[in-house]
file protein.cif (mmCIF, C-alpha atoms and all ligand atoms)
data_input
loop_
_atom_site.label_atom_id
_atom_site.label_comp_id
_atom_site.auth_asym_id
_atom_site.auth_seq_id
_atom_site.Cartn_x
_atom_site.Cartn_y
_atom_site.Cartn_z
CA MET A 1 -78.73 -156.16 65.99
CA ARG A 2 -82.30 -154.80 66.00
CA THR A 3 -84.21 -154.71 69.30
CA VAL A 4 -87.75 -153.59 70.10
CA VAL A 5 -88.24 -152.15 73.60
CA VAL A 6 -91.78 -152.09 75.01
CA ILE A 7 -92.39 -149.76 77.96
CA THR A 8 -95.65 -150.60 79.78
CA GLY A 9 -97.62 -148.95 82.57
CA ALA A 10 -95.69 -150.65 85.37
CA SER A 11 -93.64 -148.45 87.67
CA GLY A 12 -89.99 -147.98 86.64
CA SER A 13 -90.08 -146.23 83.25
CA VAL A 14 -86.50 -145.18 84.00
CA TYR A 15 -85.38 -148.78 83.37
CA GLY A 16 -86.90 -148.77 79.87
CA VAL A 17 -85.42 -145.37 79.00
CA GLU A 18 -81.99 -146.38 80.27
CA LEU A 19 -82.25 -149.59 78.26
CA LEU A 20 -82.84 -147.58 75.08
CA ARG A 21 -79.70 -145.58 75.90
CA ARG A 22 -77.50 -148.63 76.54
CA LEU A 23 -78.60 -151.19 73.95
CA PRO A 24 -76.16 -151.63 71.09
CA GLY A 25 -77.38 -151.55 67.47
CA GLU A 26 -80.75 -150.46 66.18
CA ARG A 27 -83.52 -150.05 68.75
CA PHE A 28 -87.17 -149.12 68.44
CA ALA A 29 -89.55 -148.13 71.22
CA ILE A 30 -93.23 -148.88 71.80
CA VAL A 31 -94.97 -147.27 74.79
CA THR A 32 -98.38 -148.55 75.90
CA LYS A 33 -101.23 -146.18 76.79
CA TRP A 34 -100.52 -146.59 80.52
CA GLY A 35 -96.80 -146.61 79.84
CA LYS A 36 -97.21 -143.03 78.59
CA VAL A 37 -99.00 -142.04 81.80
CA VAL A 38 -96.29 -143.54 84.05
CA LEU A 39 -93.47 -142.14 81.86
CA LYS A 40 -94.92 -138.66 82.35
CA GLU A 41 -95.64 -139.21 86.06
CA GLU A 42 -92.25 -140.66 87.01
CA MET A 43 -89.88 -138.92 84.58
CA GLY A 44 -91.80 -135.96 83.18
CA LEU A 45 -91.17 -137.34 79.66
CA SER A 46 -93.41 -137.88 76.64
CA THR A 47 -92.91 -140.48 73.91
CA GLY A 48 -91.54 -137.70 71.70
CA ASP A 49 -88.65 -137.29 74.15
CA LEU A 50 -87.64 -140.92 73.60
CA GLY A 51 -86.72 -140.21 69.98
CA ALA A 52 -83.35 -138.89 71.15
CA HIS A 53 -82.46 -142.31 72.59
CA CYS A 54 -83.58 -144.66 69.81
CA ASP A 55 -84.08 -145.08 66.07
CA GLY A 56 -87.86 -144.73 66.13
CA VAL A 57 -90.97 -144.77 68.31
CA PHE A 58 -93.98 -146.78 67.11
CA SER A 59 -97.55 -146.35 68.30
CA ASP A 60 -98.86 -149.22 70.42
CA GLU A 61 -102.19 -148.87 68.60
CA ASP A 62 -100.64 -149.30 65.15
CA LEU A 63 -101.06 -152.97 64.36
CA ALA A 64 -100.36 -152.13 60.70
CA SER A 65 -96.80 -151.12 61.59
CA PRO A 66 -93.95 -153.00 59.84
CA LEU A 67 -93.03 -154.46 63.24
CA SER A 68 -96.40 -156.22 63.30
CA SER A 69 -95.28 -158.84 60.79
CA GLY A 70 -92.95 -161.74 61.43
CA SER A 71 -91.70 -161.21 57.86
CA ASN A 72 -89.71 -158.20 59.04
CA PRO A 73 -86.69 -159.27 61.04
CA PHE A 74 -85.82 -158.06 64.50
CA ASP A 75 -83.57 -159.95 66.86
CA ALA A 76 -85.14 -159.35 70.24
CA VAL A 77 -88.02 -157.81 72.16
CA VAL A 78 -87.51 -156.50 75.68
CA VAL A 79 -90.52 -155.49 77.78
CA LEU A 80 -89.19 -153.22 80.52
CA PRO A 81 -90.84 -152.47 82.83
CA ALA A 82 -93.52 -155.10 82.18
CA SER A 83 -96.86 -154.91 84.01
CA ALA A 84 -98.61 -158.01 85.32
CA ASP A 85 -101.39 -157.16 82.86
CA PHE A 86 -99.00 -157.23 79.89
CA LEU A 87 -97.51 -160.52 81.06
CA ALA A 88 -101.02 -162.01 81.33
CA LYS A 89 -101.77 -161.06 77.74
CA VAL A 90 -98.54 -162.57 76.41
CA ALA A 91 -99.10 -165.75 78.44
CA ALA A 92 -102.65 -166.02 77.05
CA GLY A 93 -101.46 -165.57 73.47
CA ILE A 94 -103.28 -162.25 73.09
CA SER A 95 -101.75 -159.80 70.60
CA ASP A 96 -104.22 -156.93 70.30
CA SER A 97 -101.63 -154.12 70.48
CA LEU A 98 -98.25 -153.61 68.81
CA GLY A 99 -96.40 -154.37 72.07
CA THR A 100 -98.19 -157.68 72.63
CA ARG A 101 -97.95 -158.47 68.91
CA VAL A 102 -94.14 -158.10 68.75
CA SER A 103 -93.88 -160.21 71.91
CA HIS A 104 -96.05 -162.88 70.28
CA ILE A 105 -93.88 -162.75 67.14
CA ALA A 106 -90.74 -163.20 69.23
CA LEU A 107 -92.21 -166.36 70.78
CA LYS A 108 -93.55 -167.87 67.58
CA GLU A 109 -90.42 -167.09 65.55
CA ARG A 110 -88.19 -168.30 68.41
CA ARG A 111 -86.53 -164.90 68.77
CA ARG A 112 -85.29 -163.52 72.09
CA LEU A 113 -88.03 -162.20 74.40
CA VAL A 114 -87.02 -160.65 77.74
CA ILE A 115 -89.79 -159.67 80.17
CA GLY A 116 -88.75 -157.37 83.02
CA LEU A 117 -91.76 -157.97 85.27
CA ARG A 118 -92.43 -155.19 87.80
CA GLU A 119 -95.13 -155.95 90.34
CA SER A 120 -95.08 -156.75 94.04
CA PRO A 121 -96.48 -158.79 95.65
CA LEU A 122 -97.19 -161.23 92.83
CA THR A 123 -100.42 -163.21 92.58
CA GLY A 124 -100.37 -166.91 91.84
CA ILE A 125 -101.85 -165.95 88.48
CA ALA A 126 -98.82 -163.76 87.63
CA LEU A 127 -96.43 -166.47 88.83
CA ASP A 128 -98.22 -169.04 86.63
CA ASN A 129 -98.07 -166.64 83.70
CA ALA A 130 -94.35 -166.05 84.23
CA ALA A 131 -93.73 -169.81 84.30
CA ARG A 132 -95.82 -170.26 81.17
CA VAL A 133 -93.93 -167.68 79.06
CA SER A 134 -90.64 -168.96 80.44
CA ARG A 135 -91.47 -172.47 79.21
CA GLU A 136 -92.18 -170.91 75.79
CA GLY A 137 -88.62 -169.56 75.75
CA ALA A 138 -89.01 -166.06 77.19
CA ILE A 139 -86.48 -164.84 79.75
CA VAL A 140 -88.37 -163.49 82.77
CA MET A 141 -86.25 -160.95 84.65
CA PRO A 142 -88.12 -159.49 87.62
CA VAL A 143 -87.04 -155.87 88.07
CA SER A 144 -84.85 -156.60 91.04
CA PRO A 145 -81.79 -154.43 91.54
CA PHE A 146 -78.71 -155.93 93.19
CA PHE A 147 -76.08 -154.51 95.49
CA TYR A 148 -72.88 -156.51 95.07
CA LEU A 149 -71.37 -153.87 92.77
CA LYS A 150 -71.94 -151.34 95.58
CA PRO A 151 -74.02 -148.73 93.76
CA ASP A 152 -73.59 -145.24 95.20
CA SER A 153 -76.61 -143.69 93.47
CA ILE A 154 -80.03 -144.61 92.10
CA GLU A 155 -78.67 -144.00 88.59
CA ARG A 156 -75.94 -146.57 89.21
CA LEU A 157 -78.43 -149.05 90.73
CA VAL A 158 -80.69 -148.73 87.69
CA GLY A 159 -77.75 -148.86 85.25
CA ASP A 160 -76.28 -152.02 86.80
CA PHE A 161 -79.62 -153.83 86.43
CA VAL A 162 -80.12 -152.53 82.89
CA ASP A 163 -76.65 -153.86 81.97
CA ARG A 164 -77.84 -157.33 83.04
CA VAL A 165 -80.87 -156.92 80.78
CA VAL A 166 -78.63 -155.89 77.86
CA GLN A 167 -76.48 -158.94 78.56
CA ALA A 168 -79.53 -161.25 78.56
CA THR A 169 -80.73 -159.65 75.32
CA THR A 170 -77.49 -159.65 73.34
CA GLY A 171 -75.69 -162.60 74.93
CA ARG A 172 -72.59 -160.43 75.32
CA PRO A 173 -71.02 -159.18 78.56
CA MET A 174 -72.10 -155.69 79.49
CA GLY A 175 -70.94 -153.47 82.32
CA GLU A 176 -69.11 -154.76 85.34
CA GLY A 177 -69.26 -158.37 86.56
CA TRP A 178 -68.66 -159.70 90.04
CA ARG A 179 -64.81 -160.09 90.31
CA ARG A 180 -64.70 -160.35 86.49
CA GLY A 181 -61.09 -159.14 86.45
CA GLU A 182 -60.03 -162.45 88.03
CA LEU A 183 -61.24 -164.43 85.00
CA PRO A 184 -58.74 -165.25 82.24
CA ALA A 185 -59.16 -163.09 79.12
CA ASP A 186 -61.69 -164.50 76.62
CA ASP A 187 -59.81 -164.62 73.31
CA SER A 188 -62.49 -166.54 71.34
C1 LIG A 201 -98.37 -144.79 88.61
C2 LIG A 201 -98.76 -146.20 88.25
C3 LIG A 201 -97.91 -147.23 88.60
C4 LIG A 201 -98.24 -148.55 88.29
N1 LIG A 201 -97.36 -149.54 88.63
C5 LIG A 201 -97.60 -150.82 88.27
C6 LIG A 201 -96.64 -151.84 88.52
O1 LIG A 201 -95.55 -151.61 89.06
N2 LIG A 201 -96.91 -153.09 88.09
C7 LIG A 201 -98.08 -153.42 87.44
O2 LIG A 201 -98.25 -154.58 87.05
N3 LIG A 201 -99.02 -152.45 87.19
C8 LIG A 201 -98.80 -151.19 87.57
N4 LIG A 201 -99.74 -150.19 87.29
C9 LIG A 201 -101.00 -150.58 86.66
C10 LIG A 201 -100.88 -150.73 85.14
O3 LIG A 201 -100.58 -149.48 84.57
C11 LIG A 201 -102.22 -151.26 84.57
O4 LIG A 201 -102.41 -152.62 84.97
C12 LIG A 201 -102.31 -151.17 83.07
O5 LIG A 201 -103.51 -151.78 82.65
C13 LIG A 201 -101.14 -151.84 82.39
O6 LIG A 201 -101.34 -151.78 80.98
P1 LIG A 201 -100.15 -152.00 79.96
O7 LIG A 201 -99.47 -153.27 80.36
O8 LIG A 201 -100.82 -152.10 78.63
O9 LIG A 201 -99.28 -150.81 80.04
C14 LIG A 201 -99.44 -148.86 87.61
C15 LIG A 201 -100.28 -147.80 87.24
C16 LIG A 201 -99.96 -146.50 87.56
C17 LIG A 201 -100.89 -145.38 87.12
#
call {"tool": "encode", "arguments": {"input": "protein.cif", "output": "C-alpha cells"}}
result
Amino acid sequence: MRTVVVITGASGSVYGVELLRRLPGERFAIVTKWGKVVLKEEMGLSTGDLGAHCDGVFSDEDLASPLSSGSNPFDAVVVLPASADFLAKVAAGISDSLGTRVSHIALKERRRLVIGLRESPLTGIALDNAARVSREGAIVMPVSPFFYLKPDSIERLVGDFVDRVVQATTGRPMGEGWRRGELPADDS
C-alpha cells in the first residue's frame, strides 16, 4: 500500500508525524508552507526530520512531482492535520499545490481521501465544505480524541486517534478496539 500524508498549517502536527510512523507500507509526506511553521513551532522539527519516518518528503510547491499525475498509482491520501483553508481549496476543486493536487487526484480517481480537519469553532462555510467533500467520497475525520480506551498520556491519546485514522485509510483493524476481545476471531 502507498499512502501520501499531507501535513498542513493547522495545529496538531504531532498527529501527522505519528501517522507517518504508524502507517503500514510505503508512505510519502508533503508539508505545506504553514505546515512547516507549525511543525517547527509545536514539535521543533523540520521537514528534513520527517525523512526518518517515511519513504520520502515531497515539496508542496513541486507540481511537477511524480505524485502530481493520476498516472502514478497511490492508494490513499490523508490530510492530517487539515486546516479549514486546505479543506476549502479541496471543496472548491482547487489544486494549485502538490497537497491539494494529490487530494484532487484521490477524488477524481476514486481513491481513498481522509481529511483530519482541525479547527474550532467551525464556520458554516467549513461545515458546508466538509459536507461537500464527504459527498464526493472523502472521509472527514475531525481531529477529535476519545477517552474510552482510558489514555494515560498525551502520546497515548494521540496514538489512539491516529490508529483510527490508519484504520479508516487501510480498512484494516489497527490498535485496540472497544471490548474487541469479546468478538469472535475473524478467520476470513
Ligand atoms: C500556530 C498556528 C496554528 C494554527 N492552527 C490552525 C488550526 O488549528 N486550524 C486551521 O484551520 N488553521 C490554523 N492555522 C492557520 C493556518 O495555518 C492558515 O489558515 C494557513 O493558511 C493554512 O494553510 P495550509 O492549509 O496551506 O497549510 C494556524 C496557524 C498557526 C501559525
call {"tool": "atom_distance", "arguments": {"input": "protein.cif", "atom1": "atom CA of Lys36 of chain A", "atom2": "atom CA of Leu127 of chain A"}}
result
25.6 Å
call {"tool": "closest_atom_pairs", "arguments": {"input": "protein.cif", "of": "segment 94-136 of chain A", "to": "segment 71-82 of chain A", "cutoff": "6 Å", "atoms": "all atoms listed in the file", "output": "CSV"}}
result
residue,atom,partner,partner_atom,distance
A:Arg111,CA,A:Ala76,CA,5.9
A:Arg112,CA,A:Ala76,CA,4.6
A:Leu113,CA,A:Val77,CA,4.9
A:Val114,CA,A:Val78,CA,4.7
A:Ile115,CA,A:Val79,CA,4.9
A:Gly116,CA,A:Leu80,CA,4.9
A:Leu117,CA,A:Ala82,CA,4.6
A:Arg118,CA,A:Ala82,CA,5.7
call {"tool": "residues_around", "arguments": {"input": "protein.cif", "residues": "segment 88-97 of chain A", "least_positions_apart": "5", "cutoff": "6 Å", "atoms": "only C-alpha atoms", "output": "list of chain:residue names"}}
result
A:Asp60, A:Glu61, A:Asn129, A:Val133
call {"tool": "write_last_selection", "arguments": {"input": "protein.cif", "atoms": "C-alpha atoms", "output": "tab-separated table (two decimals), in the coordinates of the input"}}
result
chain	number	residue	atom	x	y	z
A	60	ASP	CA	-98.86	-149.22	70.42
A	61	GLU	CA	-102.19	-148.87	68.60
A	129	ASN	CA	-98.07	-166.64	83.70
A	133	VAL	CA	-93.93	-167.68	79.06
call {"tool": "residues_around", "arguments": {"input": "protein.cif", "residues": "Asp160 of chain A", "least_positions_apart": "5", "cutoff": "12 Å", "atoms": "only C-alpha atoms", "output": "list in words"}}
result
Tyr15, Glu18, Leu19, Arg22, Val143, Ser144, Pro145, Phe146, Phe147, Tyr148, Leu149, Lys150, Pro151, Asp152, Ser153, Ile154, Glu155, Val165, Val166, Gln167, Met174, Gly175, Glu176, Gly177 and Trp178 of chain A
call {"tool": "closest_residue", "arguments": {"input": "protein.cif", "among": "A:Met141, A:Cys54, A:Ala84, A:Leu98", "to": "ligand LIG 201 (chain A)", "atoms": "all atoms listed in the file"}}
result
A:Ala84
call {"tool": "closest_residue", "arguments": {"input": "protein.cif", "among": "A:Arg21, A:Lys108, A:Arg164, A:Arg132", "to": "Leu87 of chain A", "atoms": "only C-alpha atoms"}}
result
A:Arg132
call {"tool": "axis_aligned_box", "arguments": {"input": "protein.cif", "around": "ligand LIG 201 (chain A)", "padding_each_side": "5 Å", "output": "JSON"}}
result
{"center_x": -99.5, "center_y": -149.7, "center_z": 83.8, "size_x": 18.0, "size_y": 19.8, "size_z": 20.4}
call {"tool": "closest_residue", "arguments": {"input": "protein.cif", "among": "A:Thr170, A:Ser134, A:Ser103, A:Ser120", "to": "Ser68 of chain A", "atoms": "only C-alpha atoms"}}
result
A:Ser103
call {"tool": "closest_atom_pairs", "arguments": {"input": "protein.cif", "of": "chain A", "to": "ligand LIG 201 (chain A)", "cutoff": "8 Å", "atoms": "all atoms listed in the file", "output": "Markdown table"}}
result
| residue | atom | partner | partner_atom | distance |
| --- | --- | --- | --- | --- |
| A:Ile7 | CA | A:LIG201 | O9 | 7.3 |
| A:Thr8 | CA | A:LIG201 | O9 | 3.6 |
| A:Gly9 | CA | A:LIG201 | O9 | 3.6 |
| A:Ala10 | CA | A:LIG201 | C5 | 3.5 |
| A:Ser11 | CA | A:LIG201 | O1 | 3.9 |
| A:Gly12 | CA | A:LIG201 | O1 | 7.1 |
| A:Val31 | CA | A:LIG201 | O9 | 7.7 |
| A:Thr32 | CA | A:LIG201 | O9 | 4.8 |
| A:Lys33 | CA | A:LIG201 | O9 | 6.0 |
| A:Trp34 | CA | A:LIG201 | O9 | 4.4 |
| A:Gly35 | CA | A:LIG201 | O9 | 4.9 |
| A:Val37 | CA | A:LIG201 | C17 | 6.6 |
| A:Val38 | CA | A:LIG201 | C1 | 5.2 |
| A:Glu41 | CA | A:LIG201 | C1 | 6.7 |
| A:Glu42 | CA | A:LIG201 | C1 | 7.6 |
| A:Pro81 | CA | A:LIG201 | O1 | 7.9 |
| A:Ala82 | CA | A:LIG201 | O7 | 6.5 |
| A:Ser83 | CA | A:LIG201 | O2 | 3.4 |
| A:Ala84 | CA | A:LIG201 | O2 | 3.9 |
| A:Asp85 | CA | A:LIG201 | O7 | 5.0 |
| A:Phe86 | CA | A:LIG201 | O7 | 4.0 |
| A:Leu87 | CA | A:LIG201 | O7 | 7.5 |
| A:Leu117 | CA | A:LIG201 | O2 | 7.5 |
| A:Arg118 | CA | A:LIG201 | O1 | 4.9 |
| A:Glu119 | CA | A:LIG201 | N2 | 4.1 |
| A:Ser120 | CA | A:LIG201 | O1 | 7.2 |
call {"tool": "closest_residue", "arguments": {"input": "protein.cif", "among": "A:Leu23, A:Leu67, A:Val158, A:Val17", "to": "Ser46 of chain A", "atoms": "only C-alpha atoms"}}
result
A:Val17
call {"tool": "closest_residue", "arguments": {"input": "protein.cif", "among": "A:Leu157, A:Leu122, A:Arg110, A:His53", "to": "Ala138 of chain A", "atoms": "only C-alpha atoms"}}
result
A:Arg110
call {"tool": "closest_residue", "arguments": {"input": "protein.cif", "among": "A:Asp163, A:Glu26, A:Asp186, A:Glu109", "to": "Gly70 of chain A", "atoms": "all atoms listed in the file"}}
result
A:Glu109
call {"tool": "atom_distance", "arguments": {"input": "protein.cif", "atom1": "atom CA of Phe28 of chain A", "atom2": "atom CA of Leu50 of chain A"}}
result
9.7 Å
call {"tool": "atom_distance", "arguments": {"input": "protein.cif", "atom1": "atom CA of Pro66 of chain A", "atom2": "atom CA of Met43 of chain A"}}
result
28.8 Å
call {"tool": "residues_around", "arguments": {"input": "protein.cif", "residues": "Ile30 of chain A", "least_positions_apart": "4", "cutoff": "6 Å", "atoms": "only C-alpha atoms", "output": "list in words"}}
result
Val6, Val57, Phe58 and Asp60 of chain A
call {"tool": "decode", "arguments": {"input": "protein.cif", "residues": "segment 159-171 of chain A", "atoms": "all heavy atoms", "output": "PDB file, in the first residue's frame"}}
result
ATOM      1  N   GLY A 159      -1.992   8.656  19.851  1.00  0.00           N
ATOM      2  CA  GLY A 159      -1.811   7.363  19.176  1.00  0.00           C
ATOM      3  C   GLY A 159      -3.132   6.646  18.944  1.00  0.00           C
ATOM      4  O   GLY A 159      -3.348   6.061  17.883  1.00  0.00           O
ATOM      5  N   ASP A 160      -4.032   6.694  19.932  1.00  0.00           N
ATOM      6  CA  ASP A 160      -5.333   6.030  19.782  1.00  0.00           C
ATOM      7  C   ASP A 160      -6.119   6.648  18.620  1.00  0.00           C
ATOM      8  O   ASP A 160      -6.745   5.944  17.825  1.00  0.00           O
ATOM      9  CB  ASP A 160      -6.161   6.137  21.076  1.00  0.00           C
ATOM     10  CG  ASP A 160      -5.649   5.220  22.176  1.00  0.00           C
ATOM     11  OD1 ASP A 160      -4.864   4.298  21.876  1.00  0.00           O
ATOM     12  OD2 ASP A 160      -6.041   5.425  23.344  1.00  0.00           O
ATOM     13  N   PHE A 161      -6.079   7.988  18.524  1.00  0.00           N
ATOM     14  CA  PHE A 161      -6.798   8.640  17.415  1.00  0.00           C
ATOM     15  C   PHE A 161      -6.139   8.306  16.076  1.00  0.00           C
ATOM     16  O   PHE A 161      -6.822   8.007  15.084  1.00  0.00           O
ATOM     17  CB  PHE A 161      -6.868  10.166  17.616  1.00  0.00           C
ATOM     18  CG  PHE A 161      -7.578  10.851  16.479  1.00  0.00           C
ATOM     19  CD1 PHE A 161      -8.959  10.773  16.364  1.00  0.00           C
ATOM     20  CD2 PHE A 161      -6.865  11.535  15.509  1.00  0.00           C
ATOM     21  CE1 PHE A 161      -9.621  11.371  15.291  1.00  0.00           C
ATOM     22  CE2 PHE A 161      -7.521  12.133  14.435  1.00  0.00           C
ATOM     23  CZ  PHE A 161      -8.900  12.055  14.323  1.00  0.00           C
ATOM     24  N   VAL A 162      -4.807   8.324  16.064  1.00  0.00           N
ATOM     25  CA  VAL A 162      -4.092   8.031  14.814  1.00  0.00           C
ATOM     26  C   VAL A 162      -4.380   6.595  14.358  1.00  0.00           C
ATOM     27  O   VAL A 162      -4.532   6.334  13.159  1.00  0.00           O
ATOM     28  CB  VAL A 162      -2.579   8.293  14.982  1.00  0.00           C
ATOM     29  CG1 VAL A 162      -1.782   7.742  13.803  1.00  0.00           C
ATOM     30  CG2 VAL A 162      -2.320   9.790  15.121  1.00  0.00           C
ATOM     31  N   ASP A 163      -4.518   5.670  15.296  1.00  0.00           N
ATOM     32  CA  ASP A 163      -4.888   4.291  14.923  1.00  0.00           C
ATOM     33  C   ASP A 163      -6.223   4.266  14.184  1.00  0.00           C
ATOM     34  O   ASP A 163      -6.411   3.498  13.237  1.00  0.00           O
ATOM     35  CB  ASP A 163      -4.969   3.397  16.172  1.00  0.00           C
ATOM     36  CG  ASP A 163      -3.599   2.965  16.659  1.00  0.00           C
ATOM     37  OD1 ASP A 163      -2.615   3.118  15.909  1.00  0.00           O
ATOM     38  OD2 ASP A 163      -3.510   2.472  17.809  1.00  0.00           O
ATOM     39  N   ARG A 164      -7.170   5.104  14.623  1.00  0.00           N
ATOM     40  CA  ARG A 164      -8.477   5.166  13.939  1.00  0.00           C
ATOM     41  C   ARG A 164      -8.307   5.722  12.520  1.00  0.00           C
ATOM     42  O   ARG A 164      -9.008   5.313  11.601  1.00  0.00           O
ATOM     43  CB  ARG A 164      -9.468   6.037  14.710  1.00  0.00           C
ATOM     44  CG  ARG A 164      -9.907   5.491  16.065  1.00  0.00           C
ATOM     45  CD  ARG A 164     -10.636   4.167  15.964  1.00  0.00           C
ATOM     46  NE  ARG A 164     -11.617   4.144  14.884  1.00  0.00           N
ATOM     47  CZ  ARG A 164     -12.848   4.683  14.945  1.00  0.00           C
ATOM     48  NH1 ARG A 164     -13.259   5.266  16.049  1.00  0.00           N
ATOM     49  NH2 ARG A 164     -13.654   4.635  13.906  1.00  0.00           N
ATOM     50  N   VAL A 165      -7.370   6.642  12.361  1.00  0.00           N
ATOM     51  CA  VAL A 165      -7.117   7.197  11.023  1.00  0.00           C
ATOM     52  C   VAL A 165      -6.487   6.117  10.136  1.00  0.00           C
ATOM     53  O   VAL A 165      -6.861   5.959   8.963  1.00  0.00           O
ATOM     54  CB  VAL A 165      -6.207   8.448  11.101  1.00  0.00           C
ATOM     55  CG1 VAL A 165      -5.873   8.964   9.706  1.00  0.00           C
ATOM     56  CG2 VAL A 165      -6.871   9.544  11.920  1.00  0.00           C
ATOM     57  N   VAL A 166      -5.542   5.358  10.702  1.00  0.00           N
ATOM     58  CA  VAL A 166      -4.924   4.264   9.932  1.00  0.00           C
ATOM     59  C   VAL A 166      -6.000   3.268   9.507  1.00  0.00           C
ATOM     60  O   VAL A 166      -6.042   2.813   8.358  1.00  0.00           O
ATOM     61  CB  VAL A 166      -3.821   3.554  10.756  1.00  0.00           C
ATOM     62  CG1 VAL A 166      -3.292   2.329  10.007  1.00  0.00           C
ATOM     63  CG2 VAL A 166      -2.675   4.509  11.073  1.00  0.00           C
ATOM     64  N   GLN A 167      -6.900   2.962  10.437  1.00  0.00           N
ATOM     65  CA  GLN A 167      -7.983   2.015  10.149  1.00  0.00           C
ATOM     66  C   GLN A 167      -8.873   2.539   9.012  1.00  0.00           C
ATOM     67  O   GLN A 167      -9.237   1.785   8.110  1.00  0.00           O
ATOM     68  CB  GLN A 167      -8.800   1.824  11.427  1.00  0.00           C
ATOM     69  CG  GLN A 167      -9.640   0.577  11.440  1.00  0.00           C
ATOM     70  CD  GLN A 167     -10.126   0.253  12.848  1.00  0.00           C
ATOM     71  OE1 GLN A 167      -9.336   0.085  13.753  1.00  0.00           O
ATOM     72  NE2 GLN A 167     -11.425   0.168  13.015  1.00  0.00           N
ATOM     73  N   ALA A 168      -9.214   3.821   9.056  1.00  0.00           N
ATOM     74  CA  ALA A 168     -10.055   4.411   8.007  1.00  0.00           C
ATOM     75  C   ALA A 168      -9.322   4.426   6.668  1.00  0.00           C
ATOM     76  O   ALA A 168      -9.932   4.340   5.603  1.00  0.00           O
ATOM     77  CB  ALA A 168     -10.456   5.832   8.399  1.00  0.00           C
ATOM     78  N   THR A 169      -7.996   4.528   6.717  1.00  0.00           N
ATOM     79  CA  THR A 169      -7.202   4.614   5.493  1.00  0.00           C
ATOM     80  C   THR A 169      -7.001   3.243   4.858  1.00  0.00           C
ATOM     81  O   THR A 169      -7.103   3.078   3.638  1.00  0.00           O
ATOM     82  CB  THR A 169      -5.817   5.238   5.811  1.00  0.00           C
ATOM     83  OG1 THR A 169      -6.012   6.462   6.497  1.00  0.00           O
ATOM     84  CG2 THR A 169      -5.008   5.477   4.541  1.00  0.00           C
ATOM     85  N   THR A 170      -6.700   2.257   5.691  1.00  0.00           N
ATOM     86  CA  THR A 170      -6.343   0.926   5.162  1.00  0.00           C
ATOM     87  C   THR A 170      -7.535  -0.029   5.129  1.00  0.00           C
ATOM     88  O   THR A 170      -7.484  -1.040   4.428  1.00  0.00           O
ATOM     89  CB  THR A 170      -5.259   0.273   6.044  1.00  0.00           C
ATOM     90  OG1 THR A 170      -5.808   0.054   7.364  1.00  0.00           O
ATOM     91  CG2 THR A 170      -4.021   1.151   6.147  1.00  0.00           C
ATOM     92  N   GLY A 171      -8.563   0.261   5.929  1.00  0.00           N
ATOM     93  CA  GLY A 171      -9.698  -0.658   6.022  1.00  0.00           C
ATOM     94  C   GLY A 171      -9.414  -1.861   6.902  1.00  0.00           C
ATOM     95  O   GLY A 171     -10.217  -2.788   6.960  1.00  0.00           O
TER      96      GLY A 171
END
